[in-house]
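Participant: Sharing work_0.csv here; it has CSV, C-alpha atoms (C1' of nucleotides).
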```
chain,number,residue,atom,x,y,z
A,1,MET,CA,18.3,-17.0,-3.4
A,2,LYS,CA,20.3,-14.3,-5.2
A,3,GLU,CA,18.9,-10.9,-4.3
A,4,GLN,CA,21.9,-8.5,-4.7
A,5,ASN,CA,20.5,-6.9,-7.8
A,6,LEU,CA,17.3,-6.0,-6.2
A,7,GLN,CA,18.9,-4.8,-3.0
A,8,SER,CA,21.1,-2.4,-4.8
A,9,TYR,CA,18.1,-0.4,-6.0
A,10,PRO,CA,17.3,2.5,-3.7
A,11,GLY,CA,13.7,2.4,-4.9
A,12,TYR,CA,13.4,-1.2,-3.6
A,13,ALA,CA,14.9,-0.3,-0.3
A,14,LEU,CA,12.7,2.7,-0.1
A,15,ARG,CA,9.6,0.6,-0.6
A,16,ARG,CA,10.6,-2.1,1.8
A,17,ALA,CA,11.6,0.4,4.5
A,18,ALA,CA,8.4,2.3,4.1
A,19,ASN,CA,6.3,-0.9,4.2
A,20,ALA,CA,8.1,-2.2,7.4
A,21,MET,CA,7.7,1.3,9.0
A,22,ILE,CA,4.1,1.7,8.2
A,23,GLY,CA,3.3,-1.8,9.3
A,24,ASP,CA,5.0,-1.2,12.7
A,25,LEU,CA,3.2,2.1,13.2
A,26,ALA,CA,-0.1,0.6,12.2
A,27,LYS,CA,0.3,-2.1,14.8
A,28,ARG,CA,1.1,0.5,17.5
A,29,LEU,CA,-1.8,2.7,16.6
A,30,GLU,CA,-4.1,-0.3,16.7
A,31,ALA,CA,-3.9,-0.1,20.5
A,32,HIS,CA,-5.5,3.3,20.1
A,33,GLY,CA,-8.1,2.0,17.7
A,34,ILE,CA,-7.0,4.4,15.0
A,35,ARG,CA,-5.5,4.0,11.5
A,36,VAL,CA,-2.3,5.6,10.4
A,37,VAL,CA,-3.9,7.9,7.8
A,38,ASP,CA,-6.7,8.8,10.3
A,39,ALA,CA,-4.1,9.7,12.9
A,40,THR,CA,-2.2,11.8,10.4
A,41,ALA,CA,-5.3,13.7,9.6
A,42,LEU,CA,-6.1,14.1,13.3
A,43,LEU,CA,-2.6,15.7,13.8
A,44,LEU,CA,-3.2,18.1,11.0
A,45,ILE,CA,-6.7,19.1,12.3
A,46,ALA,CA,-5.2,19.7,15.7
A,47,ASP,CA,-2.6,22.0,14.3
A,48,ASN,CA,-5.1,23.8,12.1
A,49,PRO,CA,-8.4,24.1,14.0
A,50,GLY,CA,-11.2,25.0,11.7
A,51,THR,CA,-9.5,23.7,8.6
A,52,THR,CA,-11.6,21.9,6.0
A,53,SER,CA,-11.8,18.4,4.5
A,54,SER,CA,-10.6,19.6,1.1
A,55,ALA,CA,-7.6,21.4,2.7
A,56,ILE,CA,-6.6,18.3,4.6
A,57,GLY,CA,-6.9,16.3,1.5
A,58,ARG,CA,-4.7,18.7,-0.5
A,59,SER,CA,-2.1,18.6,2.2
A,60,LEU,CA,-2.0,14.8,2.5
A,61,ASP,CA,-2.7,14.1,-1.2
A,62,ILE,CA,-5.9,12.4,-0.4
A,63,GLN,CA,-8.8,12.7,-2.9
A,64,ARG,CA,-11.9,14.6,-1.7
A,65,ALA,CA,-13.9,11.4,-2.2
A,66,ASN,CA,-11.6,9.4,0.1
A,67,MET,CA,-11.8,12.0,2.9
A,68,VAL,CA,-15.4,11.2,3.4
A,69,PRO,CA,-15.1,7.8,5.1
A,70,LEU,CA,-11.9,9.0,6.9
A,71,LEU,CA,-13.6,11.9,8.6
A,72,LYS,CA,-16.7,9.8,9.3
A,73,ARG,CA,-14.5,7.4,11.3
A,74,LEU,CA,-13.0,10.3,13.2
A,75,GLU,CA,-16.4,11.7,13.9
A,76,ASP,CA,-17.9,8.4,14.8
A,77,ALA,CA,-15.1,7.9,17.3
A,78,ASP,CA,-15.9,11.3,18.8
A,79,LEU,CA,-12.5,12.6,18.0
A,80,ILE,CA,-13.6,15.5,15.8
A,81,GLN,CA,-16.6,17.6,15.1
A,82,ARG,CA,-17.6,19.7,12.1
A,83,LYS,CA,-19.1,23.2,12.3
A,84,PRO,CA,-20.3,25.1,9.3
A,85,ILE,CA,-18.0,28.1,8.5
A,86,ASP,CA,-20.1,29.2,5.6
A,87,GLY,CA,-23.0,27.8,3.6
A,88,LYS,CA,-20.8,25.2,2.0
A,89,SER,CA,-17.7,24.4,4.0
A,90,LEU,CA,-17.4,22.6,7.3
A,91,GLY,CA,-14.7,23.6,9.8
A,92,LEU,CA,-13.0,20.7,11.5
A,93,PHE,CA,-12.2,20.8,15.2
A,94,LEU,CA,-11.0,18.3,17.8
A,95,THR,CA,-13.5,17.4,20.5
A,96,ALA,CA,-12.5,17.4,24.1
A,97,HIS,CA,-12.3,13.6,23.9
A,98,GLY,CA,-10.2,14.0,20.7
A,99,GLU,CA,-7.7,16.2,22.5
A,100,GLU,CA,-7.2,13.6,25.2
A,101,ARG,CA,-6.9,10.7,22.7
A,102,LEU,CA,-4.5,12.8,20.5
A,103,ALA,CA,-2.1,13.3,23.5
A,104,GLU,CA,-1.8,9.6,23.8
A,105,ILE,CA,-1.6,9.0,20.1
A,106,ARG,CA,1.1,11.7,19.7
A,107,ALA,CA,3.1,10.1,22.5
A,108,THR,CA,3.0,6.8,20.6
A,109,ILE,CA,4.0,8.4,17.3
A,110,ASP,CA,6.8,10.4,18.9
A,111,ALA,CA,8.2,7.2,20.6
A,112,PHE,CA,7.8,5.4,17.2
A,113,GLU,CA,9.7,8.1,15.3
A,114,ALA,CA,12.4,8.2,17.9
A,115,GLU,CA,13.0,4.5,17.7
A,116,LEU,CA,12.9,4.7,13.9
A,117,ILE,CA,15.6,7.3,13.6
A,118,ALA,CA,17.6,5.5,16.3
A,119,ARG,CA,17.7,2.4,14.1
A,120,VAL,CA,19.7,4.4,11.5
A,121,PRO,CA,23.5,4.2,12.1
A,122,ALA,CA,24.7,7.6,13.5
A,123,LYS,CA,26.7,8.5,10.5
A,124,HIS,CA,23.7,8.3,8.2
A,125,ARG,CA,21.1,9.6,10.6
A,126,ASP,CA,21.1,13.3,9.8
A,127,HIS,CA,21.0,12.6,6.1
A,128,LEU,CA,17.8,10.6,6.1
A,129,LEU,CA,15.2,13.3,6.4
A,130,PRO,CA,16.7,15.7,3.8
A,131,ALA,CA,17.3,12.8,1.4
A,132,LEU,CA,13.7,11.7,1.7
A,133,ASN,CA,12.3,15.2,1.4
A,134,ALA,CA,14.2,15.7,-1.9
A,135,LEU,CA,12.3,12.8,-3.3
A,136,TRP,CA,8.8,14.2,-2.9
A,137,ARG,CA,8.7,17.9,-1.8
B,1,MET,CA,-1.9,25.2,6.6
B,2,LYS,CA,0.7,24.4,9.3
B,3,GLU,CA,2.5,21.3,8.5
B,4,GLN,CA,5.9,21.6,10.1
B,5,ASN,CA,5.1,19.1,12.9
B,6,LEU,CA,4.2,16.4,10.4
B,7,GLN,CA,7.2,17.2,8.1
B,8,SER,CA,9.6,16.8,10.9
B,9,TYR,CA,8.7,13.1,11.2
B,10,PRO,CA,11.1,10.9,9.3
B,11,GLY,CA,8.3,8.3,9.1
B,12,TYR,CA,6.0,10.7,7.4
B,13,ALA,CA,8.7,11.7,4.9
B,14,LEU,CA,9.5,8.0,4.3
B,15,ARG,CA,5.9,7.3,3.5
B,16,ARG,CA,5.5,10.3,1.2
B,17,ALA,CA,8.7,9.6,-0.6
B,18,ALA,CA,7.9,5.9,-1.1
B,19,ASN,CA,4.4,6.7,-2.4
B,20,ALA,CA,5.7,9.3,-4.8
B,21,MET,CA,8.4,6.9,-6.0
B,22,ILE,CA,6.2,3.9,-6.4
B,23,GLY,CA,3.6,6.0,-8.3
B,24,ASP,CA,6.2,7.2,-10.7
B,25,LEU,CA,7.6,3.7,-11.3
B,26,ALA,CA,4.1,2.3,-11.7
B,27,LYS,CA,3.4,4.9,-14.4
B,28,ARG,CA,6.6,4.0,-16.3
B,29,LEU,CA,6.0,0.3,-16.1
B,30,GLU,CA,2.5,0.8,-17.4
B,31,ALA,CA,4.1,1.3,-20.8
B,32,HIS,CA,5.3,-2.3,-20.5
B,33,GLY,CA,1.9,-3.5,-19.3
B,34,ILE,CA,3.4,-4.8,-16.1
B,35,ARG,CA,2.9,-3.9,-12.4
B,36,VAL,CA,5.6,-3.0,-10.0
B,37,VAL,CA,5.3,-6.1,-7.9
B,38,ASP,CA,5.1,-8.3,-10.9
B,39,ALA,CA,8.2,-6.7,-12.4
B,40,THR,CA,10.0,-7.3,-9.1
B,41,ALA,CA,9.1,-10.9,-9.1
B,42,LEU,CA,10.2,-11.2,-12.7
B,43,LEU,CA,13.6,-9.8,-11.8
B,44,LEU,CA,14.0,-12.3,-9.0
B,45,ILE,CA,12.9,-15.2,-11.2
B,46,ALA,CA,15.4,-14.1,-13.9
B,47,ASP,CA,18.2,-14.1,-11.3
B,48,ASN,CA,17.1,-17.4,-9.8
B,49,PRO,CA,15.9,-19.7,-12.6
B,50,GLY,CA,14.0,-22.7,-11.3
B,51,THR,CA,13.0,-21.0,-8.0
B,52,THR,CA,9.6,-21.5,-6.6
B,53,SER,CA,6.5,-19.5,-5.9
B,54,SER,CA,7.0,-19.8,-2.1
B,55,ALA,CA,10.7,-18.9,-2.3
B,56,ILE,CA,9.8,-15.7,-4.2
B,57,GLY,CA,7.1,-15.0,-1.7
B,58,ARG,CA,9.5,-15.4,1.2
B,59,SER,CA,12.1,-13.1,-0.4
B,60,LEU,CA,9.6,-10.3,-1.2
B,61,ASP,CA,7.3,-10.9,1.9
B,62,ILE,CA,4.4,-11.8,-0.2
B,63,GLN,CA,2.0,-14.4,1.2
B,64,ARG,CA,1.7,-17.6,-0.7
B,65,ALA,CA,-1.9,-16.9,-1.4
B,66,ASN,CA,-1.1,-13.6,-3.1
B,67,MET,CA,1.6,-15.2,-5.3
B,68,VAL,CA,-1.1,-17.1,-7.2
B,69,PRO,CA,-2.7,-14.2,-9.1
B,70,LEU,CA,0.7,-12.6,-9.5
B,71,LEU,CA,2.3,-15.6,-11.2
B,72,LYS,CA,-0.9,-16.1,-13.2
B,73,ARG,CA,-0.5,-12.6,-14.7
B,74,LEU,CA,3.2,-13.3,-15.6
B,75,GLU,CA,2.2,-16.6,-17.1
B,76,ASP,CA,-0.8,-15.2,-19.0
B,77,ALA,CA,1.6,-12.6,-20.4
B,78,ASP,CA,3.9,-15.4,-21.6
B,79,LEU,CA,6.7,-14.0,-19.5
B,80,ILE,CA,7.3,-17.1,-17.3
B,81,GLN,CA,6.6,-20.8,-17.4
B,82,ARG,CA,6.4,-23.4,-14.7
B,83,LYS,CA,8.0,-26.8,-14.8
B,84,PRO,CA,7.5,-29.4,-12.1
B,85,ILE,CA,10.7,-30.0,-10.2
B,86,ASP,CA,9.1,-32.7,-8.0
B,87,GLY,CA,5.6,-34.0,-7.3
B,88,LYS,CA,4.7,-30.9,-5.4
B,89,SER,CA,6.9,-27.9,-6.4
B,90,LEU,CA,6.9,-25.9,-9.6
B,91,GLY,CA,10.1,-24.3,-10.9
B,92,LEU,CA,9.8,-20.9,-12.4
B,93,PHE,CA,11.6,-19.9,-15.6
B,94,LEU,CA,11.5,-17.0,-18.0
B,95,THR,CA,10.2,-17.7,-21.4
B,96,ALA,CA,12.1,-16.4,-24.5
B,97,HIS,CA,9.5,-13.7,-24.7
B,98,GLY,CA,10.0,-13.0,-21.0
B,99,GLU,CA,13.8,-12.5,-21.5
B,100,GLU,CA,13.1,-10.0,-24.2
B,101,ARG,CA,10.6,-8.0,-22.2
B,102,LEU,CA,12.7,-8.2,-19.1
B,103,ALA,CA,15.6,-6.5,-21.0
B,104,GLU,CA,13.3,-3.5,-21.7
B,105,ILE,CA,11.8,-3.5,-18.3
B,106,ARG,CA,15.2,-3.6,-16.7
B,107,ALA,CA,16.3,-0.6,-18.8
B,108,THR,CA,13.2,1.3,-17.6
B,109,ILE,CA,13.9,0.4,-14.0
B,110,ASP,CA,17.6,1.2,-14.2
B,111,ALA,CA,16.8,4.6,-15.7
B,112,PHE,CA,14.2,5.2,-13.0
B,113,GLU,CA,16.6,4.3,-10.2
B,114,ALA,CA,19.3,6.5,-11.6
B,115,GLU,CA,16.9,9.5,-11.8
B,116,LEU,CA,15.7,8.8,-8.3
B,117,ILE,CA,19.2,8.8,-6.7
B,118,ALA,CA,20.1,11.9,-8.8
B,119,ARG,CA,17.3,13.8,-7.2
B,120,VAL,CA,19.0,13.4,-3.8
B,121,PRO,CA,21.5,16.2,-3.1
B,122,ALA,CA,25.0,14.9,-3.5
B,123,LYS,CA,26.0,15.3,0.1
B,124,HIS,CA,23.2,13.0,1.2
B,125,ARG,CA,23.3,10.6,-1.7
B,126,ASP,CA,25.5,7.9,-0.4
B,127,HIS,CA,23.7,7.7,2.9
B,128,LEU,CA,20.3,6.9,1.5
B,129,LEU,CA,20.6,3.2,0.7
B,130,PRO,CA,22.4,2.3,4.0
B,131,ALA,CA,20.0,4.3,6.0
B,132,LEU,CA,17.0,2.7,4.4
B,133,ASN,CA,18.4,-0.8,4.7
B,134,ALA,CA,18.9,-0.2,8.4
B,135,LEU,CA,15.2,0.2,8.7
B,136,TRP,CA,14.1,-3.1,7.3
B,137,ARG,CA,16.9,-5.7,6.8
C,1,DA,C1',-26.1,37.8,-14.2
C,2,DA,C1',-23.9,34.0,-16.2
C,3,DT,C1',-20.0,31.0,-16.0
C,4,DT,C1',-16.6,28.6,-13.6
C,5,DT,C1',-14.6,26.7,-9.5
C,6,DT,C1',-14.9,24.7,-5.1
C,7,DT,C1',-16.8,21.8,-1.6
C,8,DG,C1',-18.7,17.8,0.1
C,9,DC,C1',-20.7,13.7,-1.2
C,10,DT,C1',-22.3,8.8,-3.4
C,11,DA,C1',-21.1,4.9,-5.9
C,12,DT,C1',-18.0,2.0,-7.7
C,13,DA,C1',-13.9,-0.2,-9.3
C,14,DG,C1',-9.1,-1.6,-8.8
C,15,DC,C1',-4.7,-2.8,-6.4
C,16,DC,C1',-2.5,-4.9,-2.8
C,17,DT,C1',-2.6,-7.3,1.5
C,18,DA,C1',-4.4,-10.7,5.2
C,19,DT,C1',-6.7,-14.8,6.9
C,20,DA,C1',-8.7,-19.2,6.9
C,21,DA,C1',-9.1,-23.5,4.9
C,22,DC,C1',-7.9,-27.4,1.9
C,23,DA,C1',-5.5,-31.4,-0.6
C,24,DA,C1',-1.4,-33.3,-2.0
C,25,DA,C1',3.5,-34.0,-1.4
C,26,DG,C1',7.5,-34.1,1.2
C,27,DT,C1',10.2,-34.7,5.9
C,28,DA,C1',11.5,-36.4,10.5
C,29,DG,C1',11.3,-39.3,14.5
C,30,DG,C1',10.1,-43.4,16.8
D,1,DC,C1',7.4,-48.3,7.9
D,2,DC,C1',4.2,-45.3,9.9
D,3,DT,C1',2.6,-41.4,12.1
D,4,DA,C1',2.9,-36.6,12.8
D,5,DC,C1',4.4,-32.4,11.2
D,6,DT,C1',5.7,-29.2,7.6
D,7,DT,C1',5.6,-27.3,3.0
D,8,DT,C1',3.5,-26.2,-1.4
D,9,DG,C1',0.2,-24.5,-4.2
D,10,DT,C1',-4.4,-23.2,-4.3
D,11,DT,C1',-9.4,-21.2,-3.5
D,12,DA,C1',-12.3,-18.0,-1.4
D,13,DT,C1',-13.0,-13.9,1.0
D,14,DA,C1',-12.4,-9.7,3.4
D,15,DG,C1',-10.2,-5.3,4.4
D,16,DG,C1',-7.4,-1.0,3.7
D,17,DC,C1',-6.4,2.3,0.6
D,18,DT,C1',-6.7,4.6,-3.9
D,19,DA,C1',-8.8,6.3,-8.3
D,20,DT,C1',-12.6,7.9,-11.3
D,21,DA,C1',-17.0,9.7,-12.5
D,22,DG,C1',-20.8,12.1,-11.4
D,23,DC,C1',-23.9,15.2,-8.7
D,24,DA,C1',-25.9,19.3,-6.2
D,25,DA,C1',-25.2,23.4,-3.7
D,26,DA,C1',-22.4,27.3,-2.6
D,27,DA,C1',-18.9,30.4,-3.7
D,28,DA,C1',-15.9,33.0,-6.6
D,29,DT,C1',-14.9,35.1,-11.0
D,30,DT,C1',-15.7,37.8,-15.0
```
What would the structure in this file look like if it were written as structure tokens?
Facilitator:
Amino acid sequence: MKEQNLQSYPGYALRRAANAMIGDLAKRLEAHGIRVVDATALLLIADNPGTTSSAIGRSLDIQRANMVPLLKRLEDADLIQRKPIDGKSLGLFLTAHGEERLAEIRATIDAFEAELIARVPAKHRDHLLPALNALWR
Amino acid sequence: MKEQNLQSYPGYALRRAANAMIGDLAKRLEAHGIRVVDATALLLIADNPGTTSSAIGRSLDIQRANMVPLLKRLEDADLIQRKPIDGKSLGLFLTAHGEERLAEIRATIDAFEAELIARVPAKHRDHLLPALNALWR
DNA sequence: AATTTTTGCTATAGCCTATAACAAAGTAGG
DNA sequence: CCTACTTTGTTATAGGCTATAGCAAAAATT
């Protein structure tokens, strides 16, 4: 099977690398009973207590409509709670249980990220993050 | 909104970059009426005339079951045809119409890939492909 | 005060992936 | 040769994630 043409495309490599990465991370986070996107939102709420659904959505490029089931899962798992901050918006906060779970989740993610960057040959390593950031930020 | 923690994760940047990239490519390929995955399979069939559904699936990590609707779309669009190579397997070939469309599709993809790599600062540029390949190959 | 925007939500559809099961054809070992 | 195993192509179905349209209430703007 001739695949050289495909493999010379950075876009192809980017997609394959991202798919492999996200699959690996998803498998590790399964042990915590949480999805990758949900964990990402949880991290963001932890760093921004009182933030809102729409603010999280804007930051992660998730439509308002899709935030609804996401936050419901986090709430059903007793990881976050919502408190009205005015008549319309709801502030998001981690529960005590959420803080404990997040510590474990963060440890898993940190280990994952360390292994990920370790797989990149040393001479290319420091270039990965800036190169990727140039593609979307 | 504090996002530094998230943005220091290569895994996060990888996912965001891949999503942005695939969205852009999908939009460009819409003009040709073809999906990204379908175009990828078409490229592979073009470079490996007579290859089979299962071989394409193995190369692109697509389950056999998911190759069925994919190839049906390519066949319905008169881009490929299937010819029995033994009593069980079907060889895949581009049609004349498929060859013509592929030339246009390939031009779109090549332009896209060139612009993608051009967005990466010069000093990081040559590191991107090897770094990404280390993450999945 | 009237208009526009924002927020949170429901409902729904589409894309892509994952699993289980099946029949028919091919392959390998005794 | 015959049996057991594997491969191929397929159907059916479910799940994860995304996208669009529409809605009501609250907030912001003018």
Participant: Please list, as a PDB file with C-alpha atoms (C1' of nucleotides), in the frame of the given file, the residues that have an atom at most 12 Å away from (-14.3, 9.4, 7.1) in the coordinates of this file, counting all atoms listed in the file.
Facilitator:
```
ATOM      1  CA  ILE A  34      -7.000   4.400  15.000  1.00  0.00           C
ATOM      2  CA  ARG A  35      -5.500   4.000  11.500  1.00  0.00           C
ATOM      3  CA  VAL A  37      -3.900   7.900   7.800  1.00  0.00           C
ATOM      4  CA  ASP A  38      -6.700   8.800  10.300  1.00  0.00           C
ATOM      5  CA  ALA A  39      -4.100   9.700  12.900  1.00  0.00           C
ATOM      6  CA  ALA A  41      -5.300  13.700   9.600  1.00  0.00           C
ATOM      7  CA  LEU A  42      -6.100  14.100  13.300  1.00  0.00           C
ATOM      8  CA  SER A  53     -11.800  18.400   4.500  1.00  0.00           C
ATOM      9  CA  GLY A  57      -6.900  16.300   1.500  1.00  0.00           C
ATOM     10  CA  ILE A  62      -5.900  12.400  -0.400  1.00  0.00           C
ATOM     11  CA  GLN A  63      -8.800  12.700  -2.900  1.00  0.00           C
ATOM     12  CA  ARG A  64     -11.900  14.600  -1.700  1.00  0.00           C
ATOM     13  CA  ALA A  65     -13.900  11.400  -2.200  1.00  0.00           C
ATOM     14  CA  ASN A  66     -11.600   9.400   0.100  1.00  0.00           C
ATOM     15  CA  MET A  67     -11.800  12.000   2.900  1.00  0.00           C
ATOM     16  CA  VAL A  68     -15.400  11.200   3.400  1.00  0.00           C
ATOM     17  CA  PRO A  69     -15.100   7.800   5.100  1.00  0.00           C
ATOM     18  CA  LEU A  70     -11.900   9.000   6.900  1.00  0.00           C
ATOM     19  CA  LEU A  71     -13.600  11.900   8.600  1.00  0.00           C
ATOM     20  CA  LYS A  72     -16.700   9.800   9.300  1.00  0.00           C
ATOM     21  CA  ARG A  73     -14.500   7.400  11.300  1.00  0.00           C
ATOM     22  CA  LEU A  74     -13.000  10.300  13.200  1.00  0.00           C
ATOM     23  CA  GLU A  75     -16.400  11.700  13.900  1.00  0.00           C
ATOM     24  CA  ASP A  76     -17.900   8.400  14.800  1.00  0.00           C
ATOM     25  CA  ALA A  77     -15.100   7.900  17.300  1.00  0.00           C
ATOM     26  CA  ASP A  78     -15.900  11.300  18.800  1.00  0.00           C
ATOM     27  CA  LEU A  79     -12.500  12.600  18.000  1.00  0.00           C
ATOM     28  CA  ILE A  80     -13.600  15.500  15.800  1.00  0.00           C
ATOM     29  CA  GLN A  81     -16.600  17.600  15.100  1.00  0.00           C
ATOM     30  CA  ARG A  82     -17.600  19.700  12.100  1.00  0.00           C
TER      31      ARG A  82
ATOM     32  C1'  DG C   8     -18.700  17.800   0.100  1.00  0.00           C
ATOM     33  C1'  DC C   9     -20.700  13.700  -1.200  1.00  0.00           C
TER      34       DC C   9
END
```
Participant: Quick one: residues within 12 Å of D:DC2, all atoms listed in the file, excluding same-chain residues fewer than 6 positions away - as a PyMOL selection string?
Facilitator: chain C and resi 28-30
Participant: Find the residues in chain C near chain A: any atom within 12 Å counts, using all atoms listed in the file. Write them as a PyMOL selection string.
Facilitator: chain C and resi 6-12+16-17
Participant: For the residues in the current selection, export C-alpha atoms (C1' of nucleotides) as an mmCIF file, in the coordinates of the input.
Facilitator:
```
data_model
loop_
_atom_site.group_PDB
_atom_site.id
_atom_site.type_symbol
_atom_site.label_atom_id
_atom_site.label_comp_id
_atom_site.auth_asym_id
_atom_site.auth_seq_id
_atom_site.Cartn_x
_atom_site.Cartn_y
_atom_site.Cartn_z
ATOM 1 C "C1'" DT C 6 -14.900 24.700 -5.100
ATOM 2 C "C1'" DT C 7 -16.800 21.800 -1.600
ATOM 3 C "C1'" DG C 8 -18.700 17.800 0.100
ATOM 4 C "C1'" DC C 9 -20.700 13.700 -1.200
ATOM 5 C "C1'" DT C 10 -22.300 8.800 -3.400
ATOM 6 C "C1'" DA C 11 -21.100 4.900 -5.900
ATOM 7 C "C1'" DT C 12 -18.000 2.000 -7.700
ATOM 8 C "C1'" DC C 16 -2.500 -4.900 -2.800
ATOM 9 C "C1'" DT C 17 -2.600 -7.300 1.500
#
```
Participant: Give me, please, the distance in Å between atom C1' of C:DC22 and atom C1' of D:DT8, quoted to one decimal.
Facilitator: 11.9 Å
Participant: Could you write out as a PyMOL selection string the residues of chain A within 6 Å of chain B, counting all atoms listed in the file?
Facilitator: chain A and resi 10+13-15+17-18+120+124+127+129+131-132+134-136
Participant: Store the residues picked out above, limited to C-alpha atoms, as a PDB file, keeping the file's coordinate frame.
Facilitator:
```pdb
ATOM      1  CA  PRO A  10      17.300   2.500  -3.700  1.00  0.00           C
ATOM      2  CA  ALA A  13      14.900  -0.300  -0.300  1.00  0.00           C
ATOM      3  CA  LEU A  14      12.700   2.700  -0.100  1.00  0.00           C
ATOM      4  CA  ARG A  15       9.600   0.600  -0.600  1.00  0.00           C
ATOM      5  CA  ALA A  17      11.600   0.400   4.500  1.00  0.00           C
ATOM      6  CA  ALA A  18       8.400   2.300   4.100  1.00  0.00           C
ATOM      7  CA  VAL A 120      19.700   4.400  11.500  1.00  0.00           C
ATOM      8  CA  HIS A 124      23.700   8.300   8.200  1.00  0.00           C
ATOM      9  CA  HIS A 127      21.000  12.600   6.100  1.00  0.00           C
ATOM     10  CA  LEU A 129      15.200  13.300   6.400  1.00  0.00           C
ATOM     11  CA  ALA A 131      17.300  12.800   1.400  1.00  0.00           C
ATOM     12  CA  LEU A 132      13.700  11.700   1.700  1.00  0.00           C
ATOM     13  CA  ALA A 134      14.200  15.700  -1.900  1.00  0.00           C
ATOM     14  CA  LEU A 135      12.300  12.800  -3.300  1.00  0.00           C
ATOM     15  CA  TRP A 136       8.800  14.200  -2.900  1.00  0.00           C
TER      16      TRP A 136
END
```
